[in-house]
Amino acid sequence: MNGDAVPKTDHILRYIRPGYVQTDDAGQCVILGGFLARESDDHKPSVNWLEVFDGTTEGRVAEVRSRRRLEYAASGRLARANVEQVLAILQVRPWEDRNVIHAPLSATEVYPCDPSHSVMTHIPTEAEAELTDDALDDMLARCVLDNFPARE
Amino acid sequence: MIALTDSDVGTLAGRFVTFREPNDLGSSGTTRENYRLKSEPIRRYWPGGSAQVVILADENPAYAQPMTEPYKGPRDTLWEQQQRELDAFQSVEIATLGRVGVLQAEGEREGVHISVASEAALLRFLRTNRPSKRPYVSLLDNGNLRAIWRSASGEQIGLQFKGGPEIQYVLFCHRDGLKPSGGRATAQEIPGLIADCRLTALMRA
């Protein structure tokens, strides 16, 4: 439900821009960061709650792709992480009130509805993190279980 | 069999020879290893210097045994090691430049332009410290480049090149239970910080 915390046992998907993705020597895509808020995010970067959709992980990822409102770059990736592991990092300092909150989007003339849309709250921008929270992006990148092409 | 002098070495460069003690000429004396001569003084091959006796093994069937590897003295070994390190570093530098090119193209599509000062600082750091393992490189929203070396066990070096004298670093080392330590330091101080965390090996192939 809108405004509720995403269950800890579930998973989120985060679009990772190409600048934070690199292929390693084995040909695997490595996520280097890209979890922090951008200026336009109002400290609430978007994620998608995967278990909102039924089916396999790949099928759920396809649903997220089909309802995107961002232009996904061809070399971008969708990084999957477990909510509990993400919260273990976000909530190290409880007074910052960070969480992963469900924020579904209604359909518009242009876009279909996105019942999976969620946000991470009180997330700093890179500039802010540099001052107080140097390693947050690195820590979140370490939660990534696997990642998928942003475009099929 | 000939007595080899320094002046002969140039003409015999590339030939395989077997060194013997001078007084073992023609006898079952102490045959030493076969070497491939280079244009180096005899002293490089044989401690005695210029008057040692050698057999051209490739002209004498009695000595047509498989040759050992070409002679490698301490200087050769050091030179080869330096050459290997240089080759590895050059591969790292080329790979990094290629990655920066990719990031430049991706960044321009998203309106993020690589900071020239940051790129110069990254390349200066690599040339000074000569890692033999290529770093991952990411492009931050502020246009700075960030180099990352990771191990399979979770250790990590992360360096944001801010363009000025300072580098922002984040280190994950086992000493701290893989908790990150971060801050700012000069390019001269960073190698010491990395060594203190025993992470230098992350930058080596």
# chains A, B, ... in the order shown; residues from 1 in each chain; ligands from 1

call {"tool": "closest_atom_pairs", "arguments": {"of": "chain B", "to": "chain A", "cutoff": "9 Å", "atoms": "only C-alpha atoms", "output": "Markdown table"}}
result
| residue | atom | partner | partner_atom | distance |
| --- | --- | --- | --- | --- |
| B:Arg99 | CA | A:Gln22 | CA | 8.5 |
| B:Val102 | CA | A:Gly19 | CA | 8.7 |
| B:Leu103 | CA | A:Gly19 | CA | 5.9 |
| B:Gln104 | CA | A:Gly19 | CA | 9.0 |
| B:Glu106 | CA | A:Pro18 | CA | 6.6 |
| B:Gly107 | CA | A:Gly19 | CA | 7.0 |
| B:Tyr136 | CA | A:Gln22 | CA | 6.7 |
| B:Val137 | CA | A:Gln22 | CA | 7.6 |
| B:Ser138 | CA | A:Tyr20 | CA | 5.1 |
| B:Leu139 | CA | A:Gly19 | CA | 4.9 |
| B:Leu140 | CA | A:Gly19 | CA | 7.2 |
| B:Asp141 | CA | A:Glu126 | CA | 7.3 |
| B:Asn142 | CA | A:Ala127 | CA | 7.8 |
| B:Ile148 | CA | A:Leu32 | CA | 8.0 |
| B:Gly154 | CA | A:Arg142 | CA | 8.5 |
| B:Gly158 | CA | A:Asp138 | CA | 8.5 |
| B:Gln168 | CA | A:Glu130 | CA | 8.1 |
| B:Tyr169 | CA | A:Asp134 | CA | 8.3 |
| B:Val170 | CA | A:Ala135 | CA | 6.4 |
| B:Leu171 | CA | A:Ala135 | CA | 8.8 |
| B:Pro180 | CA | A:Ala135 | CA | 6.5 |
| B:Ser181 | CA | A:Ala135 | CA | 7.9 |
| B:Gly182 | CA | A:Asp134 | CA | 6.3 |
| B:Gly183 | CA | A:Asp134 | CA | 7.5 |

call {"tool": "select_by_dssp", "arguments": {"residues": "range 92-124 of chain B", "states": "helix (DSSP H, G or I)", "output": "PyMOL selection string"}}
result
chain B and resi 92-110+116-124

call {"tool": "residues_around", "arguments": {"residues": "range 84-89 of chain A", "least_positions_apart": "6", "cutoff": "7 Å", "atoms": "only C-alpha atoms", "output": "JSON, numbers by chain"}}
result
{"A": [8, 9, 99, 139, 140, 143]}

call {"tool": "write_last_selection", "arguments": {"atoms": "all heavy atoms", "output": "mmCIF file, in the first residue's frame"}}
result
data_model
loop_
_atom_site.group_PDB
_atom_site.id
_atom_site.type_symbol
_atom_site.label_atom_id
_atom_site.label_comp_id
_atom_site.auth_asym_id
_atom_site.auth_seq_id
_atom_site.Cartn_x
_atom_site.Cartn_y
_atom_site.Cartn_z
ATOM 1 N N LYS A 8 10.776 -6.668 4.377
ATOM 2 C CA LYS A 8 12.220 -6.938 4.415
ATOM 3 C C LYS A 8 12.611 -8.183 3.631
ATOM 4 O O LYS A 8 13.734 -8.285 3.154
ATOM 5 C CB LYS A 8 12.667 -7.102 5.875
ATOM 6 C CG LYS A 8 12.658 -5.819 6.663
ATOM 7 C CD LYS A 8 13.196 -6.056 8.063
ATOM 8 C CE LYS A 8 13.283 -4.739 8.832
ATOM 9 N NZ LYS A 8 13.827 -4.947 10.183
ATOM 10 N N THR A 9 11.682 -9.117 3.563
ATOM 11 C CA THR A 9 12.039 -10.361 2.885
ATOM 12 C C THR A 9 12.037 -10.215 1.357
ATOM 13 O O THR A 9 12.516 -11.082 0.645
ATOM 14 C CB THR A 9 11.036 -11.476 3.251
ATOM 15 O OG1 THR A 9 9.722 -10.967 3.039
ATOM 16 C CG2 THR A 9 11.213 -11.907 4.695
ATOM 17 N N ASN A 99 14.408 4.571 4.912
ATOM 18 C CA ASN A 99 13.587 3.379 4.742
ATOM 19 C C ASN A 99 13.368 3.136 3.246
ATOM 20 O O ASN A 99 13.761 3.950 2.403
ATOM 21 C CB ASN A 99 12.243 3.555 5.451
ATOM 22 C CG ASN A 99 11.694 2.231 5.958
ATOM 23 O OD1 ASN A 99 12.024 1.175 5.409
ATOM 24 N ND2 ASN A 99 10.876 2.285 6.991
ATOM 25 N N MET A 139 28.571 0.821 0.082
ATOM 26 C CA MET A 139 27.908 -0.182 0.916
ATOM 27 C C MET A 139 26.666 -0.730 0.207
ATOM 28 O O MET A 139 26.411 -1.936 0.231
ATOM 29 C CB MET A 139 27.495 0.441 2.257
ATOM 30 C CG MET A 139 28.655 0.963 3.069
ATOM 31 S SD MET A 139 29.593 -0.340 3.869
ATOM 32 C CE MET A 139 28.542 -0.719 5.239
ATOM 33 N N LEU A 140 25.896 0.170 -0.404
ATOM 34 C CA LEU A 140 24.692 -0.292 -1.100
ATOM 35 C C LEU A 140 25.057 -1.140 -2.322
ATOM 36 O O LEU A 140 24.392 -2.141 -2.609
ATOM 37 C CB LEU A 140 23.820 0.906 -1.503
ATOM 38 C CG LEU A 140 23.149 1.630 -0.331
ATOM 39 C CD1 LEU A 140 22.492 2.921 -0.788
ATOM 40 C CD2 LEU A 140 22.110 0.732 0.346
ATOM 41 N N CYS A 143 25.400 -4.708 -1.673
ATOM 42 C CA CYS A 143 24.174 -5.501 -1.422
ATOM 43 C C CYS A 143 23.647 -6.161 -2.681
ATOM 44 O O CYS A 143 22.724 -6.977 -2.596
ATOM 45 C CB CYS A 143 23.059 -4.587 -0.939
ATOM 46 S SG CYS A 143 23.266 -3.986 0.699
#

call {"tool": "select_by_dssp", "arguments": {"residues": "chain A", "states": "strand (DSSP E)", "output": "JSON, numbers by chain"}}
result
{"A": [11, 12, 13, 14, 15, 16, 21, 22, 23, 29, 30, 31, 46, 47, 48, 49, 77, 78, 79, 80, 81, 82, 100, 101, 102, 117, 118, 119, 120, 144, 145, 146, 147, 148, 149]}

call {"tool": "residues_around", "arguments": {"residues": "range 115-120 of chain A", "least_positions_apart": "4", "cutoff": "7 Å", "atoms": "only C-alpha atoms", "output": "PDB file with all heavy atoms, in the first residue's frame"}}
result
ATOM      1  N   LYS A  44      14.940  11.106  -2.542  1.00  0.00           N
ATOM      2  CA  LYS A  44      14.162   9.856  -2.568  1.00  0.00           C
ATOM      3  C   LYS A  44      14.386   9.145  -3.909  1.00  0.00           C
ATOM      4  O   LYS A  44      13.514   9.193  -4.798  1.00  0.00           O
ATOM      5  CB  LYS A  44      12.675  10.152  -2.355  1.00  0.00           C
ATOM      6  CG  LYS A  44      12.353  10.620  -0.941  1.00  0.00           C
ATOM      7  CD  LYS A  44      10.866  10.820  -0.735  1.00  0.00           C
ATOM      8  CE  LYS A  44      10.405  12.101  -1.366  1.00  0.00           C
ATOM      9  NZ  LYS A  44       9.036  12.501  -1.009  1.00  0.00           N
ATOM     10  N   PRO A  45      15.514   8.521  -4.072  1.00  0.00           N
ATOM     11  CA  PRO A  45      15.752   7.827  -5.335  1.00  0.00           C
ATOM     12  C   PRO A  45      14.780   6.653  -5.528  1.00  0.00           C
ATOM     13  O   PRO A  45      14.406   5.975  -4.576  1.00  0.00           O
ATOM     14  CB  PRO A  45      17.200   7.335  -5.214  1.00  0.00           C
ATOM     15  CG  PRO A  45      17.491   7.333  -3.762  1.00  0.00           C
ATOM     16  CD  PRO A  45      16.649   8.412  -3.141  1.00  0.00           C
ATOM     17  N   SER A  46      14.394   6.454  -6.774  1.00  0.00           N
ATOM     18  CA  SER A  46      13.393   5.428  -7.082  1.00  0.00           C
ATOM     19  C   SER A  46      13.997   4.027  -7.116  1.00  0.00           C
ATOM     20  O   SER A  46      15.146   3.832  -7.525  1.00  0.00           O
ATOM     21  CB  SER A  46      12.776   5.706  -8.456  1.00  0.00           C
ATOM     22  OG  SER A  46      12.023   6.895  -8.424  1.00  0.00           O
ATOM     23  N   VAL A  47      13.164   3.091  -6.685  1.00  0.00           N
ATOM     24  CA  VAL A  47      13.468   1.670  -6.857  1.00  0.00           C
ATOM     25  C   VAL A  47      12.151   0.989  -7.239  1.00  0.00           C
ATOM     26  O   VAL A  47      11.102   1.632  -7.245  1.00  0.00           O
ATOM     27  CB  VAL A  47      14.049   1.027  -5.566  1.00  0.00           C
ATOM     28  CG1 VAL A  47      15.409   1.589  -5.244  1.00  0.00           C
ATOM     29  CG2 VAL A  47      13.091   1.215  -4.385  1.00  0.00           C
ATOM     30  N   ASN A  48      12.206  -0.274  -7.541  1.00  0.00           N
ATOM     31  CA  ASN A  48      10.977  -1.029  -7.843  1.00  0.00           C
ATOM     32  C   ASN A  48      10.889  -2.238  -6.919  1.00  0.00           C
ATOM     33  O   ASN A  48      11.887  -2.954  -6.730  1.00  0.00           O
ATOM     34  CB  ASN A  48      10.972  -1.493  -9.304  1.00  0.00           C
ATOM     35  CG  ASN A  48      10.888  -0.319 -10.257  1.00  0.00           C
ATOM     36  OD1 ASN A  48      11.907   0.236 -10.668  1.00  0.00           O
ATOM     37  ND2 ASN A  48       9.672   0.097 -10.585  1.00  0.00           N
ATOM     38  N   TRP A  49       9.726  -2.431  -6.369  1.00  0.00           N
ATOM     39  CA  TRP A  49       9.468  -3.569  -5.478  1.00  0.00           C
ATOM     40  C   TRP A  49       9.091  -4.753  -6.366  1.00  0.00           C
ATOM     41  O   TRP A  49       8.006  -4.782  -6.957  1.00  0.00           O
ATOM     42  CB  TRP A  49       8.349  -3.180  -4.521  1.00  0.00           C
ATOM     43  CG  TRP A  49       7.875  -4.258  -3.589  1.00  0.00           C
ATOM     44  CD1 TRP A  49       8.437  -5.465  -3.353  1.00  0.00           C
ATOM     45  CD2 TRP A  49       6.709  -4.187  -2.765  1.00  0.00           C
ATOM     46  NE1 TRP A  49       7.713  -6.160  -2.441  1.00  0.00           N
ATOM     47  CE2 TRP A  49       6.643  -5.408  -2.045  1.00  0.00           C
ATOM     48  CE3 TRP A  49       5.718  -3.224  -2.545  1.00  0.00           C
ATOM     49  CZ2 TRP A  49       5.618  -5.682  -1.146  1.00  0.00           C
ATOM     50  CZ3 TRP A  49       4.698  -3.500  -1.639  1.00  0.00           C
ATOM     51  CH2 TRP A  49       4.653  -4.720  -0.940  1.00  0.00           C
ATOM     52  N   LEU A  50       9.966  -5.702  -6.435  1.00  0.00           N
ATOM     53  CA  LEU A  50       9.806  -6.773  -7.419  1.00  0.00           C
ATOM     54  C   LEU A  50       8.621  -7.688  -7.139  1.00  0.00           C
ATOM     55  O   LEU A  50       7.906  -8.109  -8.050  1.00  0.00           O
ATOM     56  CB  LEU A  50      11.083  -7.613  -7.490  1.00  0.00           C
ATOM     57  CG  LEU A  50      12.162  -7.156  -8.468  1.00  0.00           C
ATOM     58  CD1 LEU A  50      13.308  -8.146  -8.456  1.00  0.00           C
ATOM     59  CD2 LEU A  50      11.600  -7.017  -9.868  1.00  0.00           C
ATOM     60  N   VAL A  52       5.811  -7.249  -6.091  1.00  0.00           N
ATOM     61  CA  VAL A  52       4.480  -6.753  -6.460  1.00  0.00           C
ATOM     62  C   VAL A  52       3.956  -7.545  -7.652  1.00  0.00           C
ATOM     63  O   VAL A  52       2.752  -7.785  -7.782  1.00  0.00           O
ATOM     64  CB  VAL A  52       4.552  -5.242  -6.788  1.00  0.00           C
ATOM     65  CG1 VAL A  52       3.337  -4.802  -7.591  1.00  0.00           C
ATOM     66  CG2 VAL A  52       4.654  -4.436  -5.507  1.00  0.00           C
ATOM     67  N   ARG A  98      15.816   6.516   7.538  1.00  0.00           N
ATOM     68  CA  ARG A  98      15.862   6.017   6.153  1.00  0.00           C
ATOM     69  C   ARG A  98      15.048   4.738   6.049  1.00  0.00           C
ATOM     70  O   ARG A  98      15.053   3.912   6.969  1.00  0.00           O
ATOM     71  CB  ARG A  98      17.319   5.740   5.737  1.00  0.00           C
ATOM     72  CG  ARG A  98      18.125   7.009   5.585  1.00  0.00           C
ATOM     73  CD  ARG A  98      19.579   6.705   5.322  1.00  0.00           C
ATOM     74  NE  ARG A  98      20.340   7.917   5.095  1.00  0.00           N
ATOM     75  CZ  ARG A  98      21.668   7.980   5.153  1.00  0.00           C
ATOM     76  NH1 ARG A  98      22.381   6.915   5.441  1.00  0.00           N
ATOM     77  NH2 ARG A  98      22.281   9.126   4.915  1.00  0.00           N
ATOM     78  N   ASN A  99      14.408   4.571   4.912  1.00  0.00           N
ATOM     79  CA  ASN A  99      13.587   3.379   4.742  1.00  0.00           C
ATOM     80  C   ASN A  99      13.368   3.136   3.246  1.00  0.00           C
ATOM     81  O   ASN A  99      13.761   3.950   2.403  1.00  0.00           O
ATOM     82  CB  ASN A  99      12.243   3.555   5.451  1.00  0.00           C
ATOM     83  CG  ASN A  99      11.694   2.231   5.958  1.00  0.00           C
ATOM     84  OD1 ASN A  99      12.024   1.175   5.409  1.00  0.00           O
ATOM     85  ND2 ASN A  99      10.876   2.285   6.991  1.00  0.00           N
ATOM     86  N   VAL A 100      12.730   2.027   2.949  1.00  0.00           N
ATOM     87  CA  VAL A 100      12.309   1.746   1.567  1.00  0.00           C
ATOM     88  C   VAL A 100      10.788   1.723   1.573  1.00  0.00           C
ATOM     89  O   VAL A 100      10.174   0.872   2.230  1.00  0.00           O
ATOM     90  CB  VAL A 100      12.874   0.402   1.062  1.00  0.00           C
ATOM     91  CG1 VAL A 100      12.444   0.165  -0.380  1.00  0.00           C
ATOM     92  CG2 VAL A 100      14.391   0.373   1.176  1.00  0.00           C
ATOM     93  N   ILE A 101      10.188   2.684   0.905  1.00  0.00           N
ATOM     94  CA  ILE A 101       8.745   2.938   1.012  1.00  0.00           C
ATOM     95  C   ILE A 101       8.063   2.705  -0.333  1.00  0.00           C
ATOM     96  O   ILE A 101       8.561   3.147  -1.375  1.00  0.00           O
ATOM     97  CB  ILE A 101       8.496   4.407   1.447  1.00  0.00           C
ATOM     98  CG1 ILE A 101       9.150   4.679   2.801  1.00  0.00           C
ATOM     99  CG2 ILE A 101       7.015   4.736   1.473  1.00  0.00           C
ATOM    100  CD1 ILE A 101       8.539   3.899   3.942  1.00  0.00           C
ATOM    101  N   HIS A 102       6.919   2.028  -0.261  1.00  0.00           N
ATOM    102  CA  HIS A 102       6.136   1.776  -1.472  1.00  0.00           C
ATOM    103  C   HIS A 102       5.475   3.073  -1.943  1.00  0.00           C
ATOM    104  O   HIS A 102       4.831   3.769  -1.152  1.00  0.00           O
ATOM    105  CB  HIS A 102       5.072   0.711  -1.152  1.00  0.00           C
ATOM    106  CG  HIS A 102       4.360   0.204  -2.350  1.00  0.00           C
ATOM    107  ND1 HIS A 102       3.070  -0.275  -2.314  1.00  0.00           N
ATOM    108  CD2 HIS A 102       4.750   0.087  -3.637  1.00  0.00           C
ATOM    109  CE1 HIS A 102       2.695  -0.662  -3.509  1.00  0.00           C
ATOM    110  NE2 HIS A 102       3.706  -0.449  -4.342  1.00  0.00           N
ATOM    111  N   ALA A 103       5.623   3.424  -3.206  1.00  0.00           N
ATOM    112  CA  ALA A 103       5.052   4.673  -3.743  1.00  0.00           C
ATOM    113  C   ALA A 103       4.557   4.425  -5.163  1.00  0.00           C
ATOM    114  O   ALA A 103       5.142   4.924  -6.145  1.00  0.00           O
ATOM    115  CB  ALA A 103       6.116   5.775  -3.725  1.00  0.00           C
ATOM    116  N   PRO A 104       3.465   3.637  -5.298  1.00  0.00           N
ATOM    117  CA  PRO A 104       2.997   3.260  -6.644  1.00  0.00           C
ATOM    118  C   PRO A 104       2.574   4.461  -7.464  1.00  0.00           C
ATOM    119  O   PRO A 104       2.118   5.477  -6.922  1.00  0.00           O
ATOM    120  CB  PRO A 104       1.790   2.347  -6.342  1.00  0.00           C
ATOM    121  CG  PRO A 104       1.372   2.689  -4.958  1.00  0.00           C
ATOM    122  CD  PRO A 104       2.589   3.125  -4.228  1.00  0.00           C
ATOM    123  N   LEU A 105       2.747   4.341  -8.767  1.00  0.00           N
ATOM    124  CA  LEU A 105       2.413   5.433  -9.682  1.00  0.00           C
ATOM    125  C   LEU A 105       1.173   5.056 -10.481  1.00  0.00           C
ATOM    126  O   LEU A 105       1.080   3.935 -11.016  1.00  0.00           O
ATOM    127  CB  LEU A 105       3.590   5.678 -10.638  1.00  0.00           C
ATOM    128  CG  LEU A 105       4.924   6.076  -9.979  1.00  0.00           C
ATOM    129  CD1 LEU A 105       6.023   6.131 -11.037  1.00  0.00           C
ATOM    130  CD2 LEU A 105       4.797   7.411  -9.269  1.00  0.00           C
TER     131      LEU A 105
END

call {"tool": "closest_residue", "arguments": {"among": "A:Pro149, A:His43, A:Glu51, A:Ala37", "to": "Val6 in chain A", "atoms": "only C-alpha atoms"}}
result
A:Glu51
